[in-house]
>>> print(open('data_12.cif').read())   # mmCIF, C-alpha atoms and all ligand atoms
data_entry
#
loop_
_atom_site.group_PDB
_atom_site.id
_atom_site.type_symbol
_atom_site.label_atom_id
_atom_site.label_comp_id
_atom_site.auth_asym_id
_atom_site.auth_seq_id
_atom_site.Cartn_x
_atom_site.Cartn_y
_atom_site.Cartn_z
ATOM 1 C CA MET U 5 0.000 0.000 0.000
ATOM 2 C CA HIS U 6 1.251 3.480 -0.674
ATOM 3 C CA ALA U 7 -0.211 6.952 -0.535
ATOM 4 C CA TYR U 8 0.336 10.437 -1.891
ATOM 5 C CA TYR U 9 -1.406 13.748 -2.285
ATOM 6 C CA TYR U 10 -3.830 13.811 -5.193
ATOM 7 C CA ASP U 11 -2.831 16.144 -8.024
ATOM 8 C CA ASN U 12 -6.294 17.671 -8.573
ATOM 9 C CA VAL U 13 -5.781 17.610 -12.342
ATOM 10 C CA SER U 14 -9.080 17.159 -14.117
ATOM 11 C CA ALA U 15 -8.547 13.927 -15.996
ATOM 12 C CA ASP U 16 -9.941 10.387 -15.755
ATOM 13 C CA GLN U 17 -10.384 9.415 -12.092
ATOM 14 C CA ARG U 18 -8.854 6.000 -12.917
ATOM 15 C CA LEU U 19 -5.442 7.525 -13.624
ATOM 16 C CA PRO U 20 -2.947 7.649 -10.723
ATOM 17 C CA HIS U 21 -3.210 11.424 -10.169
ATOM 18 C CA ASP U 22 0.071 11.352 -8.263
ATOM 19 C CA SER U 23 1.223 14.838 -7.283
ATOM 20 C CA GLY U 24 4.681 13.429 -6.461
ATOM 21 C CA GLN U 25 4.214 14.260 -2.773
ATOM 22 C CA PRO U 26 4.195 11.021 -0.787
ATOM 23 C CA VAL U 27 2.227 10.483 2.429
ATOM 24 C CA GLU U 28 3.497 8.185 5.181
ATOM 25 C CA LEU U 29 1.162 5.382 6.213
ATOM 26 C CA ASP U 30 1.781 6.328 9.860
ATOM 27 C CA TYR U 31 0.347 9.737 9.105
ATOM 28 C CA LEU U 32 -2.779 8.072 7.718
ATOM 29 C CA ARG U 33 -3.042 6.161 10.992
ATOM 30 C CA LYS U 34 -3.178 9.511 12.781
ATOM 31 C CA LEU U 35 -6.121 10.369 10.558
ATOM 32 C CA GLY U 36 -7.839 7.289 11.959
ATOM 33 C CA LEU U 37 -7.167 4.737 9.261
ATOM 34 C CA ALA U 38 -5.958 1.243 10.000
ATOM 35 C CA LEU U 39 -3.821 -0.251 7.261
ATOM 36 C CA THR U 40 -2.214 -3.616 7.086
ATOM 37 C CA SER U 41 -1.415 -6.299 4.601
ATOM 38 C CA VAL U 42 -2.062 -10.034 4.692
ATOM 39 C CA PRO U 43 -0.443 -11.423 1.548
ATOM 40 C CA LEU U 44 -2.671 -13.848 -0.323
ATOM 41 C CA ASP U 45 0.228 -16.317 -0.510
ATOM 42 C CA THR U 46 0.869 -16.240 3.256
ATOM 43 C CA GLU U 47 2.073 -19.627 4.446
ATOM 44 C CA GLY U 48 -0.917 -21.458 5.860
ATOM 45 C CA GLY U 49 -3.219 -19.219 3.858
ATOM 46 C CA TRP U 50 -4.526 -15.711 4.396
ATOM 47 C CA GLU U 51 -7.876 -16.840 5.810
ATOM 48 C CA PRO U 52 -6.781 -17.669 9.375
ATOM 49 C CA LEU U 53 -5.054 -14.289 9.726
ATOM 50 C CA VAL U 54 -7.983 -12.401 8.264
ATOM 51 C CA ASP U 55 -10.371 -14.373 10.504
ATOM 52 C CA LYS U 56 -8.286 -13.410 13.510
ATOM 53 C CA ILE U 57 -8.439 -9.702 12.643
ATOM 54 C CA ALA U 58 -12.192 -9.975 12.106
ATOM 55 C CA ASN U 59 -12.701 -11.751 15.434
ATOM 56 C CA GLU U 60 -10.615 -9.199 17.308
ATOM 57 C CA HIS U 61 -12.796 -6.389 15.971
ATOM 58 C CA GLY U 62 -16.055 -8.241 16.403
ATOM 59 C CA TRP U 63 -16.947 -8.214 12.714
ATOM 60 C CA ASP U 64 -19.297 -11.152 12.550
ATOM 61 C CA ASN U 65 -20.457 -10.709 8.979
ATOM 62 C CA ARG U 66 -18.728 -10.591 5.622
ATOM 63 C CA ASP U 67 -19.468 -10.769 1.942
ATOM 64 C CA THR U 68 -17.601 -10.261 -1.304
ATOM 65 C CA MET U 69 -17.947 -7.009 -3.172
ATOM 66 C CA ASP U 70 -17.490 -7.790 -6.815
ATOM 67 C CA VAL U 71 -16.777 -4.414 -8.361
ATOM 68 C CA THR U 72 -16.506 -5.576 -11.950
ATOM 69 C CA LYS U 73 -18.670 -5.181 -15.027
ATOM 70 C CA GLU U 74 -19.619 -8.830 -14.778
ATOM 71 C CA GLY U 75 -20.430 -8.575 -11.087
ATOM 72 C CA LEU U 76 -22.484 -5.389 -11.186
ATOM 73 C CA GLY U 77 -23.989 -5.604 -14.667
ATOM 74 C CA ASP U 78 -26.212 -2.627 -15.487
ATOM 75 C CA GLN U 79 -25.352 -1.027 -12.176
ATOM 76 C CA PHE U 80 -21.613 -0.887 -12.791
ATOM 77 C CA GLU U 81 -21.300 2.759 -13.885
ATOM 78 C CA GLN U 82 -23.910 3.887 -11.395
ATOM 79 C CA MET U 83 -22.118 2.213 -8.487
ATOM 80 C CA LEU U 84 -18.792 3.670 -9.559
ATOM 81 C CA ASP U 85 -20.271 7.153 -9.663
ATOM 82 C CA LYS U 86 -21.666 6.588 -6.207
ATOM 83 C CA PHE U 87 -18.328 5.371 -4.844
ATOM 84 C CA PHE U 88 -16.520 8.365 -6.334
ATOM 85 C CA ALA U 89 -18.927 10.959 -4.993
ATOM 86 C CA GLU U 90 -17.459 12.232 -1.724
ATOM 87 C CA HIS U 91 -19.274 10.578 1.171
ATOM 88 C CA MET U 92 -19.068 9.201 4.702
ATOM 89 C CA HIS U 93 -20.560 6.273 6.577
ATOM 90 C CA ASN U 94 -21.870 5.833 10.098
ATOM 91 C CA ASP U 95 -19.788 2.659 10.383
ATOM 92 C CA ALA U 96 -16.215 1.886 9.478
ATOM 93 C CA GLU U 97 -15.594 0.786 5.897
ATOM 94 C CA VAL U 98 -13.584 -2.414 6.206
ATOM 95 C CA ARG U 99 -12.175 -4.081 3.119
ATOM 96 C CA TYR U 100 -9.699 -6.843 2.304
ATOM 97 C CA ILE U 101 -8.630 -6.781 -1.344
ATOM 98 C CA LEU U 102 -8.799 -10.207 -3.004
ATOM 99 C CA SER U 103 -8.061 -9.233 -6.593
ATOM 100 C CA GLY U 104 -7.756 -6.216 -8.813
ATOM 101 C CA SER U 105 -6.733 -2.799 -7.565
ATOM 102 C CA GLY U 106 -8.004 0.692 -7.017
ATOM 103 C CA TYR U 107 -7.705 3.912 -5.076
ATOM 104 C CA TRP U 108 -9.275 5.360 -1.992
ATOM 105 C CA ASP U 109 -9.125 9.119 -1.685
ATOM 106 C CA ILE U 110 -9.499 10.411 1.821
ATOM 107 C CA ARG U 111 -9.827 14.005 2.966
ATOM 108 C CA GLU U 112 -7.016 15.255 5.137
ATOM 109 C CA TYR U 113 -8.248 17.120 8.199
ATOM 110 C CA PRO U 114 -8.236 20.087 8.521
ATOM 111 C CA THR U 115 -6.744 21.014 5.112
ATOM 112 C CA ASP U 116 -9.401 19.160 3.095
ATOM 113 C CA LEU U 117 -6.689 18.012 0.672
ATOM 114 C CA TRP U 118 -7.223 14.638 -0.997
ATOM 115 C CA ILE U 119 -4.795 11.881 -0.116
ATOM 116 C CA ARG U 120 -4.854 8.952 -2.526
ATOM 117 C CA ILE U 121 -4.211 5.425 -1.265
ATOM 118 C CA ARG U 122 -3.313 2.715 -3.765
ATOM 119 C CA VAL U 123 -4.641 -0.722 -2.830
ATOM 120 C CA LEU U 124 -3.600 -4.107 -4.183
ATOM 121 C CA PRO U 125 -4.489 -7.718 -3.396
ATOM 122 C CA GLY U 126 -3.727 -8.564 0.229
ATOM 123 C CA ASP U 127 -4.283 -5.023 1.469
ATOM 124 C CA PHE U 128 -6.543 -4.631 4.479
ATOM 125 C CA ILE U 129 -7.997 -1.185 5.021
ATOM 126 C CA ILE U 130 -10.232 0.251 7.707
ATOM 127 C CA ILE U 131 -11.680 3.660 6.972
ATOM 128 C CA PRO U 132 -13.224 5.119 10.101
ATOM 129 C CA ALA U 133 -16.838 6.189 10.393
ATOM 130 C CA GLY U 134 -17.276 9.900 9.747
ATOM 131 C CA ILE U 135 -14.240 10.486 7.499
ATOM 132 C CA TYR U 136 -14.940 11.954 4.072
ATOM 133 C CA HIS U 137 -13.676 9.756 1.280
ATOM 134 C CA ARG U 138 -14.331 8.276 -2.148
ATOM 135 C CA PHE U 139 -13.213 5.226 -4.120
ATOM 136 C CA THR U 140 -12.306 4.550 -7.729
ATOM 137 C CA LEU U 141 -11.122 1.643 -9.792
ATOM 138 C CA ASP U 142 -7.960 2.135 -11.808
ATOM 139 C CA GLU U 143 -7.460 1.503 -15.511
ATOM 140 C CA LEU U 144 -7.715 -2.277 -15.040
ATOM 141 C CA ASN U 145 -11.291 -1.593 -14.027
ATOM 142 C CA GLN U 146 -11.882 -4.346 -11.509
ATOM 143 C CA VAL U 147 -11.638 -5.130 -7.855
ATOM 144 C CA LYS U 148 -12.953 -7.874 -5.618
ATOM 145 C CA ALA U 149 -12.885 -7.238 -1.906
ATOM 146 C CA LEU U 150 -14.181 -8.816 1.254
ATOM 147 C CA ARG U 151 -16.396 -6.452 3.193
ATOM 148 C CA PHE U 152 -16.712 -6.860 6.959
ATOM 149 C CA THR U 153 -19.443 -5.571 9.235
ATOM 150 C CA THR U 154 -20.816 -6.076 12.681
ATOM 151 C CA GLY U 155 -24.413 -7.132 12.296
ATOM 152 C CA GLU U 156 -26.411 -6.638 9.164
ATOM 153 C CA LEU U 157 -24.663 -6.329 5.799
ATOM 154 C CA GLN U 158 -26.081 -3.297 4.097
ATOM 155 C CA TYR U 159 -24.448 -0.560 2.131
ATOM 156 C CA SER U 160 -25.363 2.906 3.213
ATOM 157 C CA SER U 161 -23.453 6.109 2.541
ATOM 158 C CA THR U 162 -24.261 9.788 2.775
ATOM 159 C CA ALA U 163 -22.926 12.370 0.353
ATOM 160 C CA ARG U 164 -20.982 15.179 1.980
ATOM 161 C CA GLY U 165 -23.211 18.120 2.777
ATOM 162 C CA SER U 166 -24.796 20.072 5.594
ATOM 163 C CA GLU U 167 -26.386 16.892 6.903
ATOM 164 C CA THR U 168 -23.083 15.003 7.228
ATOM 165 C CA ASP U 169 -21.290 18.100 8.582
ATOM 166 C CA ALA U 170 -23.756 18.056 11.489
ATOM 167 C CA SER U 171 -23.767 14.282 11.970
ATOM 168 C CA PRO U 172 -22.756 12.883 15.373
ATOM 169 C CA PHE U 173 -20.621 10.349 13.518
ATOM 170 C CA ARG U 174 -18.756 13.209 11.871
ATOM 171 C CA TYR U 175 -18.277 14.978 15.220
ATOM 172 C CA ARG U 176 -17.022 11.782 16.788
ATOM 173 C CA TYR U 177 -14.492 11.402 13.988
ATOM 174 C CA LEU U 178 -13.319 15.005 14.332
ATOM 175 C CA ASP U 179 -12.912 14.554 18.097
ATOM 176 C CA SER U 180 -10.746 11.515 17.437
ATOM 177 C CA VAL U 181 -8.306 13.418 15.179
ATOM 178 C CA LYS U 182 -8.059 16.673 17.103
ATOM 179 C CA GLU U 183 -5.421 16.492 19.788
HETATM 180 C C1 LIG S 1 -17.119 2.911 -0.410
HETATM 181 O O1 LIG S 1 -18.049 3.092 0.348
HETATM 182 O O2 LIG S 1 -16.376 3.859 -0.681
HETATM 183 C C2 LIG S 1 -16.896 1.581 -1.015
HETATM 184 O O3 LIG S 1 -17.474 0.636 -0.598
HETATM 185 C C3 LIG S 1 -15.916 1.478 -2.110
HETATM 186 C C4 LIG S 1 -15.860 0.181 -2.833
HETATM 187 S S1 LIG S 1 -15.068 -1.151 -1.973
HETATM 188 C C5 LIG S 1 -14.031 -1.946 -3.117
HETATM 189 NI NI NI S 2 -17.270 4.625 1.456
#
>>> encode(input="data_12.cif", output="structure tokens", more="lines below")
Ligand code: KMT
Ligand code: NI
Amino acid sequence: MHAYYYDNVSADQRLPHDSGQPVELDYLRKLGLALTSVPLDTEGGWEPLVDKIANEHGWDNRDTMDVTKEGLGDQFEQMLDKFFAEHMHNDAEVRYILSGSGYWDIREYPTDLWIRIRVLPGDFIIIPAGIYHRFTLDELNQVKALRFTTGELQYSSTARGSETDASPFRYRYLDSVKE
């Protein structure tokens, strides 16, 4: 996994958009992200390690998000637009990348700059509730990821706006990053 400031050039979202300014993963941890990697070819298999992480966090539910043309059919473009519209969730977004690749863009607080995180198979990412972010595929146009939740599996996001700015989940996030 690696990260850098987004270049803000208006061009295809699937391009790297690397400004050339790297961002340390430890800095992303200060912004509330949890990032780790469990290589798919780990000896003994990745599953036991991923299960352990899930158990430790109490994620008792998982499914596979198949973000491919085949997987999403008619909804492919629509879902991608939704993922790339800046949003937040009331729960953490937890993903383990099984195949393909893509980018998460997260908003740095308080500058509101975009930081782009490149993800590849084996990457495990936890995006905290209340952080503004978006997701895009890259030029290979496909990703499959395990999604983890506690309780019911349902996808719900809220576009950034006055409602999210006033959300208790947003306030809780901001409290967690302010020292
Ligand atoms: C989100 O909410 O940003 C997503 O679920 C992105 C797609 S996960 C590969
Ligand atoms: Ni999201």
>>> residues_near_ligand(input="data_12.cif", ligand="ligand LIG 1 (chain S)", cutoff="10 Å", atoms="all atoms listed in the file", output="PyMOL selection string")
chain U and resi 68-72+83-84+86-93+96-102+104-110+123+129+131+136-141+146-151+159-162
>>> closest_residue(input="data_12.cif", among="U:Phe80, U:Trp118, U:Tyr31, U:Phe152", to="Tyr10 of chain U", atoms="only C-alpha atoms")
U:Trp118
>>> closest_residue(input="data_12.cif", among="U:Arg164, U:His6, U:Lys182, U:Lys56", to="ligand NI 2 (chain S)", atoms="all atoms listed in the file")
U:Arg164
>>> axis_aligned_box(input="data_12.cif", around="segment 49-68 of chain U", padding_each_side="4 Å", output="AutoDock Vina command-line options")
--center_x -11.8 --center_y -12.8 --center_z 8.0 --size_x 25.2 --size_y 20.8 --size_z 26.6
>>> residues_around(input="data_12.cif", residues="Gly62 of chain U", least_positions_apart="5", cutoff="9 Å", atoms="all atoms listed in the file", output="list in words")
Ile57, Thr153 and Thr154 of chain U
>>> closest_residue(input="data_12.cif", among="U:Asp127, U:Asp95, U:Asp169, U:Asp30", to="ligand NI 2 (chain S)", atoms="only C-alpha atoms and all ligand atoms")
U:Asp95
>>> closest_residue(input="data_12.cif", among="U:Asp85, U:Asp179, U:Glu112, U:Asp142", to="ligand NI 2 (chain S)", atoms="only C-alpha atoms and all ligand atoms")
U:Asp85
>>> atom_distance(input="data_12.cif", atom1="atom CA of Val27 of chain U", atom2="atom CA of Val54 of chain U")
25.7 Å
>>> decode(input="data_12.cif", residues="segment 36-139 of chain U", atoms="C-alpha atoms", output="PDB file, in the first residue's frame")
ATOM      1  CA  GLY U  36      -7.839   7.289  11.959  1.00  0.00           C
ATOM      2  CA  LEU U  37      -7.167   4.737   9.261  1.00  0.00           C
ATOM      3  CA  ALA U  38      -5.958   1.243  10.000  1.00  0.00           C
ATOM      4  CA  LEU U  39      -3.821  -0.251   7.261  1.00  0.00           C
ATOM      5  CA  THR U  40      -2.214  -3.616   7.086  1.00  0.00           C
ATOM      6  CA  SER U  41      -1.415  -6.299   4.601  1.00  0.00           C
ATOM      7  CA  VAL U  42      -2.062 -10.034   4.692  1.00  0.00           C
ATOM      8  CA  PRO U  43      -0.443 -11.423   1.548  1.00  0.00           C
ATOM      9  CA  LEU U  44      -2.671 -13.848  -0.323  1.00  0.00           C
ATOM     10  CA  ASP U  45       0.228 -16.317  -0.510  1.00  0.00           C
ATOM     11  CA  THR U  46       0.869 -16.240   3.256  1.00  0.00           C
ATOM     12  CA  GLU U  47       2.073 -19.627   4.446  1.00  0.00           C
ATOM     13  CA  GLY U  48      -0.917 -21.458   5.860  1.00  0.00           C
ATOM     14  CA  GLY U  49      -3.219 -19.219   3.858  1.00  0.00           C
ATOM     15  CA  TRP U  50      -4.526 -15.711   4.396  1.00  0.00           C
ATOM     16  CA  GLU U  51      -7.876 -16.840   5.810  1.00  0.00           C
ATOM     17  CA  PRO U  52      -6.781 -17.669   9.375  1.00  0.00           C
ATOM     18  CA  LEU U  53      -5.054 -14.289   9.726  1.00  0.00           C
ATOM     19  CA  VAL U  54      -7.983 -12.401   8.264  1.00  0.00           C
ATOM     20  CA  ASP U  55     -10.371 -14.373  10.504  1.00  0.00           C
ATOM     21  CA  LYS U  56      -8.286 -13.410  13.510  1.00  0.00           C
ATOM     22  CA  ILE U  57      -8.439  -9.702  12.643  1.00  0.00           C
ATOM     23  CA  ALA U  58     -12.192  -9.975  12.106  1.00  0.00           C
ATOM     24  CA  ASN U  59     -12.701 -11.751  15.434  1.00  0.00           C
ATOM     25  CA  GLU U  60     -10.615  -9.199  17.308  1.00  0.00           C
ATOM     26  CA  HIS U  61     -12.796  -6.389  15.971  1.00  0.00           C
ATOM     27  CA  GLY U  62     -16.055  -8.241  16.403  1.00  0.00           C
ATOM     28  CA  TRP U  63     -16.947  -8.214  12.714  1.00  0.00           C
ATOM     29  CA  ASP U  64     -19.297 -11.152  12.550  1.00  0.00           C
ATOM     30  CA  ASN U  65     -20.457 -10.709   8.979  1.00  0.00           C
ATOM     31  CA  ARG U  66     -18.728 -10.591   5.622  1.00  0.00           C
ATOM     32  CA  ASP U  67     -19.468 -10.769   1.942  1.00  0.00           C
ATOM     33  CA  THR U  68     -17.601 -10.261  -1.304  1.00  0.00           C
ATOM     34  CA  MET U  69     -17.947  -7.009  -3.172  1.00  0.00           C
ATOM     35  CA  ASP U  70     -17.490  -7.790  -6.815  1.00  0.00           C
ATOM     36  CA  VAL U  71     -16.777  -4.414  -8.361  1.00  0.00           C
ATOM     37  CA  THR U  72     -16.506  -5.576 -11.950  1.00  0.00           C
ATOM     38  CA  LYS U  73     -18.670  -5.181 -15.027  1.00  0.00           C
ATOM     39  CA  GLU U  74     -19.619  -8.830 -14.778  1.00  0.00           C
ATOM     40  CA  GLY U  75     -20.430  -8.575 -11.087  1.00  0.00           C
ATOM     41  CA  LEU U  76     -22.484  -5.389 -11.186  1.00  0.00           C
ATOM     42  CA  GLY U  77     -23.989  -5.604 -14.667  1.00  0.00           C
ATOM     43  CA  ASP U  78     -26.212  -2.627 -15.487  1.00  0.00           C
ATOM     44  CA  GLN U  79     -25.352  -1.027 -12.176  1.00  0.00           C
ATOM     45  CA  PHE U  80     -21.613  -0.887 -12.791  1.00  0.00           C
ATOM     46  CA  GLU U  81     -21.300   2.759 -13.885  1.00  0.00           C
ATOM     47  CA  GLN U  82     -23.910   3.887 -11.395  1.00  0.00           C
ATOM     48  CA  MET U  83     -22.118   2.213  -8.487  1.00  0.00           C
ATOM     49  CA  LEU U  84     -18.792   3.670  -9.559  1.00  0.00           C
ATOM     50  CA  ASP U  85     -20.271   7.153  -9.663  1.00  0.00           C
ATOM     51  CA  LYS U  86     -21.666   6.588  -6.207  1.00  0.00           C
ATOM     52  CA  PHE U  87     -18.328   5.371  -4.844  1.00  0.00           C
ATOM     53  CA  PHE U  88     -16.520   8.365  -6.334  1.00  0.00           C
ATOM     54  CA  ALA U  89     -18.927  10.959  -4.993  1.00  0.00           C
ATOM     55  CA  GLU U  90     -17.459  12.232  -1.724  1.00  0.00           C
ATOM     56  CA  HIS U  91     -19.274  10.578   1.171  1.00  0.00           C
ATOM     57  CA  MET U  92     -19.068   9.201   4.702  1.00  0.00           C
ATOM     58  CA  HIS U  93     -20.560   6.273   6.577  1.00  0.00           C
ATOM     59  CA  ASN U  94     -21.870   5.833  10.098  1.00  0.00           C
ATOM     60  CA  ASP U  95     -19.788   2.659  10.383  1.00  0.00           C
ATOM     61  CA  ALA U  96     -16.215   1.886   9.478  1.00  0.00           C
ATOM     62  CA  GLU U  97     -15.594   0.786   5.897  1.00  0.00           C
ATOM     63  CA  VAL U  98     -13.584  -2.414   6.206  1.00  0.00           C
ATOM     64  CA  ARG U  99     -12.175  -4.081   3.119  1.00  0.00           C
ATOM     65  CA  TYR U 100      -9.699  -6.843   2.304  1.00  0.00           C
ATOM     66  CA  ILE U 101      -8.630  -6.781  -1.344  1.00  0.00           C
ATOM     67  CA  LEU U 102      -8.799 -10.207  -3.004  1.00  0.00           C
ATOM     68  CA  SER U 103      -8.061  -9.233  -6.593  1.00  0.00           C
ATOM     69  CA  GLY U 104      -7.756  -6.216  -8.813  1.00  0.00           C
ATOM     70  CA  SER U 105      -6.733  -2.799  -7.565  1.00  0.00           C
ATOM     71  CA  GLY U 106      -8.004   0.692  -7.017  1.00  0.00           C
ATOM     72  CA  TYR U 107      -7.705   3.912  -5.076  1.00  0.00           C
ATOM     73  CA  TRP U 108      -9.275   5.360  -1.992  1.00  0.00           C
ATOM     74  CA  ASP U 109      -9.125   9.119  -1.685  1.00  0.00           C
ATOM     75  CA  ILE U 110      -9.499  10.411   1.821  1.00  0.00           C
ATOM     76  CA  ARG U 111      -9.827  14.005   2.966  1.00  0.00           C
ATOM     77  CA  GLU U 112      -7.016  15.255   5.137  1.00  0.00           C
ATOM     78  CA  TYR U 113      -8.248  17.120   8.199  1.00  0.00           C
ATOM     79  CA  PRO U 114      -8.236  20.087   8.521  1.00  0.00           C
ATOM     80  CA  THR U 115      -6.744  21.014   5.112  1.00  0.00           C
ATOM     81  CA  ASP U 116      -9.401  19.160   3.095  1.00  0.00           C
ATOM     82  CA  LEU U 117      -6.689  18.012   0.672  1.00  0.00           C
ATOM     83  CA  TRP U 118      -7.223  14.638  -0.997  1.00  0.00           C
ATOM     84  CA  ILE U 119      -4.795  11.881  -0.116  1.00  0.00           C
ATOM     85  CA  ARG U 120      -4.854   8.952  -2.526  1.00  0.00           C
ATOM     86  CA  ILE U 121      -4.211   5.425  -1.265  1.00  0.00           C
ATOM     87  CA  ARG U 122      -3.313   2.715  -3.765  1.00  0.00           C
ATOM     88  CA  VAL U 123      -4.641  -0.722  -2.830  1.00  0.00           C
ATOM     89  CA  LEU U 124      -3.600  -4.107  -4.183  1.00  0.00           C
ATOM     90  CA  PRO U 125      -4.489  -7.718  -3.396  1.00  0.00           C
ATOM     91  CA  GLY U 126      -3.727  -8.564   0.229  1.00  0.00           C
ATOM     92  CA  ASP U 127      -4.283  -5.023   1.469  1.00  0.00           C
ATOM     93  CA  PHE U 128      -6.543  -4.631   4.479  1.00  0.00           C
ATOM     94  CA  ILE U 129      -7.997  -1.185   5.021  1.00  0.00           C
ATOM     95  CA  ILE U 130     -10.232   0.251   7.707  1.00  0.00           C
ATOM     96  CA  ILE U 131     -11.680   3.660   6.972  1.00  0.00           C
ATOM     97  CA  PRO U 132     -13.224   5.119  10.101  1.00  0.00           C
ATOM     98  CA  ALA U 133     -16.838   6.189  10.393  1.00  0.00           C
ATOM     99  CA  GLY U 134     -17.276   9.900   9.747  1.00  0.00           C
ATOM    100  CA  ILE U 135     -14.240  10.486   7.499  1.00  0.00           C
ATOM    101  CA  TYR U 136     -14.940  11.954   4.072  1.00  0.00           C
ATOM    102  CA  HIS U 137     -13.676   9.756   1.280  1.00  0.00           C
ATOM    103  CA  ARG U 138     -14.331   8.276  -2.148  1.00  0.00           C
ATOM    104  CA  PHE U 139     -13.213   5.226  -4.120  1.00  0.00           C
TER     105      PHE U 139
END
